[in-house]
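Structure below is entry_34.cif: mmCIF, C-alpha atoms.
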```
data_upload
#
loop_
_atom_site.group_PDB
_atom_site.id
_atom_site.type_symbol
_atom_site.label_atom_id
_atom_site.label_comp_id
_atom_site.auth_asym_id
_atom_site.auth_seq_id
_atom_site.Cartn_x
_atom_site.Cartn_y
_atom_site.Cartn_z
ATOM 1 C CA MET Q 22 -60.123 -18.855 -57.297
ATOM 2 C CA ARG Q 23 -57.211 -17.255 -55.477
ATOM 3 C CA MET Q 24 -57.409 -19.943 -52.757
ATOM 4 C CA MET Q 25 -57.178 -22.674 -55.345
ATOM 5 C CA ASN Q 26 -54.133 -21.050 -56.934
ATOM 6 C CA PHE Q 27 -52.443 -20.770 -53.490
ATOM 7 C CA LEU Q 28 -53.067 -24.428 -52.700
ATOM 8 C CA LYS Q 29 -51.722 -25.458 -56.070
ATOM 9 C CA GLN Q 30 -48.617 -23.314 -55.521
ATOM 10 C CA TRP Q 31 -48.067 -24.749 -52.028
ATOM 11 C CA LYS Q 32 -48.568 -28.266 -53.304
ATOM 12 C CA SER Q 33 -46.048 -27.697 -56.062
ATOM 13 C CA GLU Q 34 -43.430 -26.275 -53.582
ATOM 14 C CA LYS Q 35 -43.892 -28.656 -50.658
ATOM 15 C CA GLY Q 36 -40.900 -30.731 -51.749
ATOM 16 C CA GLN Q 37 -38.653 -27.772 -50.926
ATOM 17 C CA THR Q 38 -39.541 -27.864 -47.205
ATOM 18 C CA LEU Q 39 -37.163 -30.687 -46.300
ATOM 19 C CA PRO Q 40 -33.986 -28.930 -47.523
ATOM 20 C CA LEU Q 41 -35.074 -25.787 -45.670
ATOM 21 C CA VAL Q 42 -35.602 -27.689 -42.410
ATOM 22 C CA LEU Q 43 -32.253 -29.442 -42.762
ATOM 23 C CA ALA Q 44 -30.545 -26.113 -43.346
ATOM 24 C CA LEU Q 45 -32.158 -24.650 -40.236
ATOM 25 C CA LEU Q 46 -31.072 -27.677 -38.185
ATOM 26 C CA ALA Q 47 -27.495 -27.260 -39.412
ATOM 27 C CA ILE Q 48 -27.459 -23.578 -38.533
ATOM 28 C CA GLY Q 49 -28.959 -24.360 -35.121
ATOM 29 C CA THR Q 50 -26.273 -26.941 -34.439
ATOM 30 C CA LEU Q 51 -23.535 -24.472 -35.346
ATOM 31 C CA THR Q 52 -24.906 -21.809 -32.987
ATOM 32 C CA ILE Q 53 -26.205 -23.907 -30.090
ATOM 33 C CA VAL Q 54 -22.996 -25.876 -29.447
ATOM 34 C CA PRO Q 55 -20.762 -22.764 -29.094
ATOM 35 C CA SER Q 56 -23.439 -21.146 -26.926
ATOM 36 C CA LEU Q 57 -23.472 -24.188 -24.635
ATOM 37 C CA ASN Q 58 -19.673 -24.159 -24.496
ATOM 38 C CA TYR Q 59 -19.730 -20.446 -23.645
ATOM 39 C CA SER Q 60 -22.320 -21.030 -20.923
ATOM 40 C CA THR Q 61 -20.228 -23.832 -19.454
ATOM 41 C CA SER Q 62 -17.084 -21.685 -19.530
ATOM 42 C CA SER Q 63 -18.937 -18.786 -17.925
ATOM 43 C CA LEU Q 64 -20.261 -21.072 -15.195
ATOM 44 C CA ASN Q 65 -16.806 -22.477 -14.497
ATOM 45 C CA GLY Q 66 -15.343 -18.965 -14.517
ATOM 46 C CA SER Q 67 -17.951 -17.785 -12.037
ATOM 47 C CA ARG Q 68 -17.178 -20.721 -9.769
ATOM 48 C CA SER Q 69 -13.437 -20.006 -9.953
ATOM 49 C CA LEU Q 70 -14.053 -16.328 -9.228
ATOM 50 C CA ALA Q 71 -16.205 -17.217 -6.229
ATOM 51 C CA GLN Q 72 -13.542 -19.612 -4.934
ATOM 52 C CA GLY Q 73 -10.891 -16.942 -5.453
ATOM 53 C CA MET Q 74 -12.881 -14.387 -3.480
ATOM 54 C CA LYS Q 75 -13.482 -16.818 -0.632
ATOM 55 C CA GLY Q 76 -9.783 -17.693 -0.647
ATOM 56 C CA THR Q 77 -8.823 -14.024 -0.578
ATOM 57 C CA TYR Q 78 -10.980 -13.403 2.488
ATOM 58 C CA ALA Q 79 -9.482 -16.445 4.208
ATOM 59 C CA ALA Q 80 -5.884 -15.458 3.384
ATOM 60 C CA ASP Q 81 -6.616 -11.900 4.519
ATOM 61 C CA ALA Q 82 -7.620 -13.289 7.921
ATOM 62 C CA GLY Q 83 -4.240 -15.027 8.075
ATOM 63 C CA ILE Q 84 -2.399 -11.761 7.413
ATOM 64 C CA GLU Q 85 -4.437 -9.934 10.060
ATOM 65 C CA ASN Q 86 -3.745 -12.676 12.596
ATOM 66 C CA ALA Q 87 0.007 -12.417 11.989
ATOM 67 C CA LEU Q 88 -0.043 -8.599 12.268
ATOM 68 C CA TRP Q 89 -1.964 -8.791 15.541
ATOM 69 C CA SER Q 90 0.585 -11.223 16.954
ATOM 70 C CA LEU Q 91 3.657 -9.304 15.779
ATOM 71 C CA GLN Q 92 2.535 -5.995 17.279
ATOM 72 C CA ARG Q 93 2.082 -7.753 20.626
ATOM 73 C CA VAL Q 94 5.473 -9.488 20.349
ATOM 74 C CA ILE Q 95 3.791 -12.894 20.062
ATOM 75 C CA PRO Q 96 5.164 -15.431 17.551
ATOM 76 C CA PRO Q 97 2.635 -15.620 14.670
ATOM 77 C CA PRO Q 98 1.029 -19.021 14.055
ATOM 78 C CA ALA Q 99 2.046 -21.161 11.083
ATOM 79 C CA GLN Q 100 -1.615 -21.916 10.371
ATOM 80 C CA LEU Q 101 -5.013 -20.646 11.449
ATOM 81 C CA THR Q 102 -6.589 -23.000 13.969
ATOM 82 C CA ASP Q 103 -10.009 -22.824 12.288
ATOM 83 C CA ASN Q 104 -10.868 -23.343 8.638
ATOM 84 C CA LEU Q 105 -12.419 -20.311 6.919
ATOM 85 C CA ASN Q 106 -14.787 -20.623 3.947
ATOM 86 C CA ASN Q 107 -13.997 -24.356 3.957
ATOM 87 C CA MET Q 108 -10.312 -23.565 3.469
ATOM 88 C CA THR Q 109 -7.108 -24.014 5.443
ATOM 89 C CA VAL Q 110 -4.821 -21.006 5.781
ATOM 90 C CA THR Q 111 -1.053 -21.361 6.220
ATOM 91 C CA ILE Q 112 1.071 -18.392 7.329
ATOM 92 C CA GLU Q 113 4.769 -17.698 6.822
ATOM 93 C CA THR Q 114 6.414 -14.706 8.532
ATOM 94 C CA GLU Q 115 9.928 -13.446 7.723
ATOM 95 C CA THR Q 116 11.497 -10.618 9.756
ATOM 96 C CA LYS Q 117 13.983 -8.621 7.675
ATOM 97 C CA GLY Q 118 15.250 -6.191 10.331
ATOM 98 C CA TYR Q 119 14.713 -2.553 11.281
ATOM 99 C CA TYR Q 120 13.872 -0.193 8.396
ATOM 100 C CA VAL Q 121 12.915 3.433 7.814
ATOM 101 C CA LEU Q 122 10.586 4.781 5.126
ATOM 102 C CA TYR Q 123 12.625 7.521 3.437
ATOM 103 C CA PHE Q 124 11.657 9.201 0.162
ATOM 104 C CA GLY Q 125 9.287 6.346 -0.537
ATOM 105 C CA GLU Q 126 12.063 3.760 -0.147
ATOM 106 C CA LEU Q 127 12.809 1.361 2.684
ATOM 107 C CA VAL Q 128 16.356 1.809 4.029
ATOM 108 C CA GLU Q 129 18.343 0.201 6.820
ATOM 109 C CA PRO Q 130 19.270 3.048 9.189
ATOM 110 C CA GLY Q 131 21.998 1.363 11.185
ATOM 111 C CA VAL Q 132 22.171 -0.040 14.694
ATOM 112 C CA HIS Q 133 22.203 3.027 16.942
ATOM 113 C CA TYR Q 134 19.234 4.997 15.636
ATOM 114 C CA GLU Q 135 17.133 4.804 18.837
ATOM 115 C CA ASP Q 136 20.042 5.813 21.063
ATOM 116 C CA TYR Q 137 20.526 9.221 19.497
ATOM 117 C CA LEU Q 138 17.553 10.847 17.789
ATOM 118 C CA ASP Q 139 13.790 11.071 17.646
ATOM 119 C CA ILE Q 140 11.822 12.794 14.875
ATOM 120 C CA ALA Q 141 8.164 13.788 14.609
ATOM 121 C CA GLY Q 142 5.910 15.849 12.343
ATOM 122 C CA GLN Q 143 2.945 17.948 13.432
ATOM 123 C CA ILE Q 144 0.325 19.741 11.327
ATOM 124 C CA VAL Q 145 -1.837 22.465 12.933
ATOM 125 C CA TRP Q 146 -4.175 25.123 11.528
ATOM 126 C CA ASP Q 147 -2.813 28.680 11.768
ATOM 127 C CA GLU Q 148 -5.776 31.047 11.948
ATOM 128 C CA GLU Q 149 -3.637 34.146 11.392
ATOM 129 C CA VAL Q 150 -2.730 33.104 7.853
ATOM 130 C CA ASP Q 151 -5.515 30.580 7.122
ATOM 131 C CA LYS Q 152 -3.019 27.838 6.314
ATOM 132 C CA TYR Q 153 -1.739 24.633 7.833
ATOM 133 C CA LYS Q 154 1.594 24.897 9.643
ATOM 134 C CA TYR Q 155 3.819 21.842 9.369
ATOM 135 C CA THR Q 156 6.599 21.480 11.969
ATOM 136 C CA ILE Q 157 9.305 18.819 11.852
ATOM 137 C CA THR Q 158 10.966 18.357 15.248
ATOM 138 C CA VAL Q 159 14.296 16.575 15.760
ATOM 139 C CA THR Q 160 15.167 15.687 19.349
ATOM 140 C CA TRP Q 161 18.532 14.504 20.647
ATOM 141 C CA VAL Q 162 17.904 11.588 22.999
ATOM 142 C CA PRO Q 163 19.741 12.536 26.216
ATOM 143 C CA ASN Q 164 22.184 9.714 26.856
ATOM 144 C CA GLU Q 165 25.143 10.757 28.947
ATOM 145 C CA GLY Q 166 28.348 10.961 26.957
ATOM 146 C CA GLU Q 167 26.773 10.603 23.507
ATOM 147 C CA PRO Q 168 28.261 12.778 20.762
ATOM 148 C CA VAL Q 169 26.903 15.815 18.930
ATOM 149 C CA ILE Q 170 24.755 14.707 15.981
ATOM 150 C CA HIS Q 171 25.184 16.656 12.737
ATOM 151 C CA MET Q 172 22.397 16.597 10.169
ATOM 152 C CA GLU Q 173 22.812 16.435 6.408
ATOM 153 C CA ALA Q 174 19.169 16.810 5.374
ATOM 154 C CA ILE Q 175 15.616 16.955 6.646
ATOM 155 C CA GLY Q 176 12.326 16.451 4.835
ATOM 156 C CA ALA Q 177 8.735 15.295 4.749
ATOM 157 C CA ARG Q 178 6.157 13.656 2.551
ATOM 158 C CA LEU Q 179 3.120 15.934 2.480
ATOM 159 C CA PRO Q 180 -0.439 14.630 2.624
ATOM 160 C CA PRO Q 181 -1.850 13.994 -0.871
ATOM 161 C CA ASN Q 182 -3.546 17.062 -2.422
ATOM 162 C CA TYR Q 183 -1.350 19.421 -0.375
ATOM 163 C CA SER Q 184 1.681 21.399 -1.510
ATOM 164 C CA TYR Q 185 4.482 23.421 0.017
ATOM 165 C CA ASP Q 186 3.658 27.139 0.354
ATOM 166 C CA GLU Q 187 6.428 28.840 -1.591
ATOM 167 C CA GLY Q 188 8.688 31.014 0.554
ATOM 168 C CA SER Q 189 7.141 29.938 3.845
ATOM 169 C CA ALA Q 190 10.310 28.388 5.319
ATOM 170 C CA ALA Q 191 11.820 31.890 5.491
ATOM 171 C CA SER Q 192 8.977 32.949 7.819
ATOM 172 C CA PHE Q 193 10.475 31.041 10.756
ATOM 173 C CA ALA Q 194 13.792 32.325 12.057
ATOM 174 C CA SER Q 195 14.388 29.267 14.237
ATOM 175 C CA ASN Q 196 14.412 26.918 11.237
ATOM 176 C CA LEU Q 197 17.359 24.715 10.395
ATOM 177 C CA SER Q 198 17.149 26.240 6.917
ATOM 178 C CA GLU Q 199 15.253 29.214 5.524
ATOM 179 C CA ASP Q 200 16.026 28.216 1.935
ATOM 180 C CA GLU Q 201 13.497 26.703 -0.439
ATOM 181 C CA PRO Q 202 13.352 22.893 -0.403
ATOM 182 C CA GLU Q 203 13.843 20.483 -3.253
ATOM 183 C CA ILE Q 204 10.463 19.060 -4.275
ATOM 184 C CA VAL Q 205 9.857 15.654 -5.849
ATOM 185 C CA ILE Q 206 6.449 14.158 -6.728
ATOM 186 C CA ASP Q 207 6.058 10.515 -5.729
ATOM 187 C CA SER Q 208 4.096 7.815 -7.575
ATOM 188 C CA MET Q 209 0.896 8.726 -5.679
ATOM 189 C CA GLY Q 210 1.153 12.403 -6.641
ATOM 190 C CA ALA Q 211 2.250 13.572 -3.175
ATOM 191 C CA GLU Q 212 5.010 16.152 -2.706
ATOM 192 C CA MET Q 213 8.268 14.984 -1.113
ATOM 193 C CA ILE Q 214 10.108 18.080 0.132
ATOM 194 C CA ASN Q 215 13.711 18.007 1.330
ATOM 195 C CA TRP Q 216 16.285 20.482 2.632
ATOM 196 C CA ASP Q 217 19.986 19.613 2.143
ATOM 197 C CA PHE Q 218 22.330 21.358 4.577
ATOM 198 C CA GLY Q 219 25.724 22.725 3.662
ATOM 199 C CA THR Q 220 28.771 23.226 5.857
ATOM 200 C CA PRO Q 221 28.695 23.863 8.759
ATOM 201 C CA MET Q 222 25.925 21.336 9.270
ATOM 202 C CA PRO Q 223 23.263 22.065 11.909
ATOM 203 C CA SER Q 224 23.344 19.774 14.919
ATOM 204 C CA VAL Q 225 21.606 18.636 18.074
ATOM 205 C CA SER Q 226 23.353 17.765 21.312
ATOM 206 C CA LYS Q 227 22.866 17.535 25.044
ATOM 207 C CA GLN Q 228 23.278 21.328 25.295
ATOM 208 C CA ASN Q 229 20.930 22.025 22.337
ATOM 209 C CA PRO Q 230 18.665 18.966 22.141
ATOM 210 C CA VAL Q 231 15.843 20.218 19.867
ATOM 211 C CA ALA Q 232 15.852 21.503 16.289
ATOM 212 C CA THR Q 233 12.853 22.371 14.110
ATOM 213 C CA GLN Q 234 11.928 23.013 10.498
ATOM 214 C CA THR Q 235 8.584 24.778 10.070
ATOM 215 C CA PHE Q 236 6.695 25.784 6.934
ATOM 216 C CA TYR Q 237 3.175 26.185 5.588
ATOM 217 C CA ILE Q 238 1.259 23.820 3.333
ATOM 218 C CA ILE Q 239 -1.821 24.582 1.258
ATOM 219 C CA GLY Q 240 -4.512 22.297 -0.114
ATOM 220 C CA THR Q 241 -7.663 20.422 0.825
ATOM 221 C CA GLY Q 242 -8.541 16.951 2.023
ATOM 222 C CA GLU Q 243 -7.516 14.569 4.774
ATOM 223 C CA LEU Q 244 -4.242 15.206 6.610
ATOM 224 C CA GLU Q 245 -3.042 11.627 6.225
ATOM 225 C CA GLY Q 246 -0.238 9.788 4.489
ATOM 226 C CA ASN Q 247 2.513 12.180 5.606
ATOM 227 C CA TYR Q 248 5.785 11.307 7.321
ATOM 228 C CA THR Q 249 9.160 12.927 8.073
ATOM 229 C CA TRP Q 250 12.843 11.994 8.095
ATOM 230 C CA VAL Q 251 16.297 13.331 8.936
ATOM 231 C CA VAL Q 252 19.598 12.255 7.366
ATOM 232 C CA VAL Q 253 22.602 12.231 9.683
ATOM 233 C CA ASN Q 254 26.253 12.198 8.629
ATOM 234 C CA ARG Q 255 27.157 9.439 11.106
ATOM 235 C CA MET Q 256 27.084 6.209 9.111
ATOM 236 C CA ASP Q 257 25.934 4.163 12.089
ATOM 237 C CA ILE Q 258 22.702 6.226 12.169
ATOM 238 C CA TRP Q 259 22.242 7.588 8.642
ATOM 239 C CA VAL Q 260 18.447 7.951 8.431
ATOM 240 C CA VAL Q 261 15.919 8.429 11.233
ATOM 241 C CA GLY Q 262 12.278 8.488 10.194
ATOM 242 C CA GLU Q 263 8.844 9.025 11.631
ATOM 243 C CA ILE Q 264 7.676 5.801 9.951
ATOM 244 C CA SER Q 265 10.064 3.092 11.062
ATOM 245 C CA GLY Q 266 10.011 -0.326 12.656
ATOM 246 C CA ASP Q 267 10.707 -3.998 12.112
ATOM 247 C CA LEU Q 268 10.031 -4.967 8.504
ATOM 248 C CA ASN Q 269 8.082 -8.220 8.241
ATOM 249 C CA ARG Q 270 7.071 -10.080 5.100
ATOM 250 C CA ILE Q 271 3.937 -12.130 5.722
ATOM 251 C CA THR Q 272 2.669 -14.748 3.259
ATOM 252 C CA ALA Q 273 -0.774 -16.316 3.722
ATOM 253 C CA ILE Q 274 -2.033 -19.099 1.436
ATOM 254 C CA ALA Q 275 -5.628 -20.386 1.346
ATOM 255 C CA ARG Q 276 -6.294 -23.963 0.183
ATOM 256 C CA ARG Q 277 -9.536 -25.896 -0.249
ATOM 257 C CA VAL Q 278 -10.081 -28.529 2.410
ATOM 258 C CA GLU Q 279 -11.442 -31.186 0.044
ATOM 259 C CA ASP Q 280 -8.535 -31.305 -2.433
ATOM 260 C CA GLY Q 281 -5.811 -28.959 -1.149
ATOM 261 C CA LYS Q 282 -6.058 -26.712 -4.227
ATOM 262 C CA THR Q 283 -4.657 -23.215 -3.692
ATOM 263 C CA THR Q 284 -7.294 -20.529 -4.228
ATOM 264 C CA ALA Q 285 -5.516 -17.343 -3.071
ATOM 265 C CA ARG Q 286 -2.129 -16.078 -1.942
ATOM 266 C CA ILE Q 287 -1.413 -12.758 -0.205
ATOM 267 C CA VAL Q 288 2.052 -11.314 0.445
ATOM 268 C CA ALA Q 289 2.229 -8.225 2.685
ATOM 269 C CA ASP Q 290 5.221 -6.122 3.795
ATOM 270 C CA ALA Q 291 4.613 -4.278 7.061
ATOM 271 C CA LEU Q 292 6.665 -1.961 9.280
ATOM 272 C CA ILE Q 293 5.700 -2.673 12.871
ATOM 273 C CA ASN Q 294 6.672 -0.813 16.029
ATOM 274 C CA SER Q 295 5.239 -0.642 19.521
ATOM 275 C CA GLU Q 296 2.578 1.886 18.494
ATOM 276 C CA ASP Q 297 1.636 1.426 14.851
ATOM 277 C CA ILE Q 298 1.491 -0.901 11.869
ATOM 278 C CA TYR Q 299 2.391 0.506 8.441
ATOM 279 C CA ILE Q 300 1.458 -1.628 5.418
ATOM 280 C CA ILE Q 301 4.127 -0.942 2.797
ATOM 281 C CA SER Q 302 2.894 -3.352 0.112
ATOM 282 C CA TRP Q 303 0.020 -5.806 -0.370
ATOM 283 C CA GLN Q 304 -0.065 -8.294 -3.239
ATOM 284 C CA THR Q 305 -2.994 -10.665 -3.866
ATOM 285 C CA VAL Q 306 -3.000 -13.557 -6.359
ATOM 286 C CA ASN Q 307 -6.084 -15.659 -7.104
ATOM 287 C CA TYR Q 308 -5.791 -19.123 -8.671
#
```

Represent the supplied structure as structure tokens.
Amino acid sequence: MRMMNFLKQWKSEKGQTLPLVLALLAIGTLTIVPSLNYSTSSLNGSRSLAQGMKGTYAADAGIENALWSLQRVIPPPAQLTDNLNNMTVTIETETKGYYVLYFGELVEPGVHYEDYLDIAGQIVWDEEVDKYKYTITVTWVPNEGEPVIHMEAIGARLPPNYSYDEGSAASFASNLSEDEPEIVIDSMGAEMINWDFGTPMPSVSKQNPVATQTFYIIGTGELEGNYTWVVVNRMDIWVVGEISGDLNRITAIARRVEDGKTTARIVADALINSEDIYIISWQTVNY
């Protein structure tokens, strides 16, 4: 009896099936088309991302090639001889002159910097006090007849995660200054410490060629990322720094072989001297 009632009910409602199916088809159309569009966009985005990554690797090889050439005083190529990742790589190198990294800024020191001074920083572990001892050494380069060099300031960028040990400059009687330094925190969180000298200014000369500024630093981690500088009151020298060299701006562009479309562009600023390469900035753009 119940079965008969069910069949009668189904038979009486079977005309309502068509509108229901049409409604489901409409809803399916509204959802499937955007999903297909999203899938297509995702696929195209993935392809573009992959091309951008391949272009970045290729352009990076162009930058490295130029750096290798510049450090060896070889003119960098205008283009890599071999295609990388099915891409051509063009290279443009612009030399901007001699610069010094001072307080996080690049400055032009003048034309006679190498003839007068040399500066270096050294960090060693002092077992007596269980701290690192940081010594900045300024050396007058012994050229016959050169003048006495007076110093206006001396300073250093400390390794990240390290700080100046308060009062430690007064522990070394041979220092240029036993006063406390001015301390500035740079954009990477590292301490930049600097001593400004009053009158009479300390100096180095042929008779007294070496001057030092020693202090302690405390902290943990790698002893990297530090450098030193000295500011001189002669305008033709001005700043001498531990990180210095010829500033070169290198631009490498990767393009697809089949259509010449640009996939990546890298612009790097590097200080290069006979011993080291210092990357000052590195900008990557994917297309």

Residues picked by the PyMOL selection byres ((chain Q and resi 248) around 6) here, as a ChimeraX atom specification? /Q:177-178,247,249,263

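The shell of residues at most 9 Å from Arg276 of chain Q, with all atoms listed in the file counted and near chain neighbours (fewer than 6 positions) removed, consists of Gly76, Asn107, Met108, Thr109, Val110, Thr111, Lys282, Thr283, Thr284 and Ala285 of chain Q.
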
Using only C-alpha atoms, the best pick from Q:Ser224, Q:Asn229, Q:Ser184, Q:Gln234 as closest to Ala211 of chain Q would be Q:Ser184

How close does each residue of segment 187-272 of chain Q get to segment 78-89 of chain Q, giving the shortest atom pair and distance in Å to one decimal for every residue with an atom at most 12 Å away, counting only C-alpha atoms, sorted by chain and residue number, as a tab-separated table?
```
residue	atom	partner	partner_atom	distance
Q:Asp267	CA	Q:Leu88	CA	11.7
Q:Leu268	CA	Q:Leu88	CA	11.4
Q:Asn269	CA	Q:Leu88	CA	9.1
Q:Arg270	CA	Q:Ile84	CA	9.9
Q:Ile271	CA	Q:Ile84	CA	6.6
Q:Thr272	CA	Q:Ile84	CA	7.2
```

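Residue selection for this entry, given the PyMOL selection byres ((chain Q and resi 296) around 10), comprises Gln92, Arg93, Gly266, Ile293, Asn294, Ser295, Asp297 and Ile298 of chain Q.
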
Since I can't run it myself right now, could you work out what the PyMOL selection byres ((chain Q and resi 99) around 10) selects here and report it as a list in words?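 Listing what the PyMOL selection byres ((chain Q and resi 99) around 10) selects in the shown file: Gly83, Ala87, Pro96, Pro97, Pro98, Gln100, Leu101, Thr102, Val110, Thr111, Ile112, Glu113, Thr114 and Ala273 of chain Q.
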
To one decimal place, how far is atom CA of Glu167 of chain Q from atom CA of Pro130 of chain Q in Å?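 Computed distance, atom CA of Glu167 of chain Q to atom CA of Pro130 of chain Q, equals 17.8 Å.
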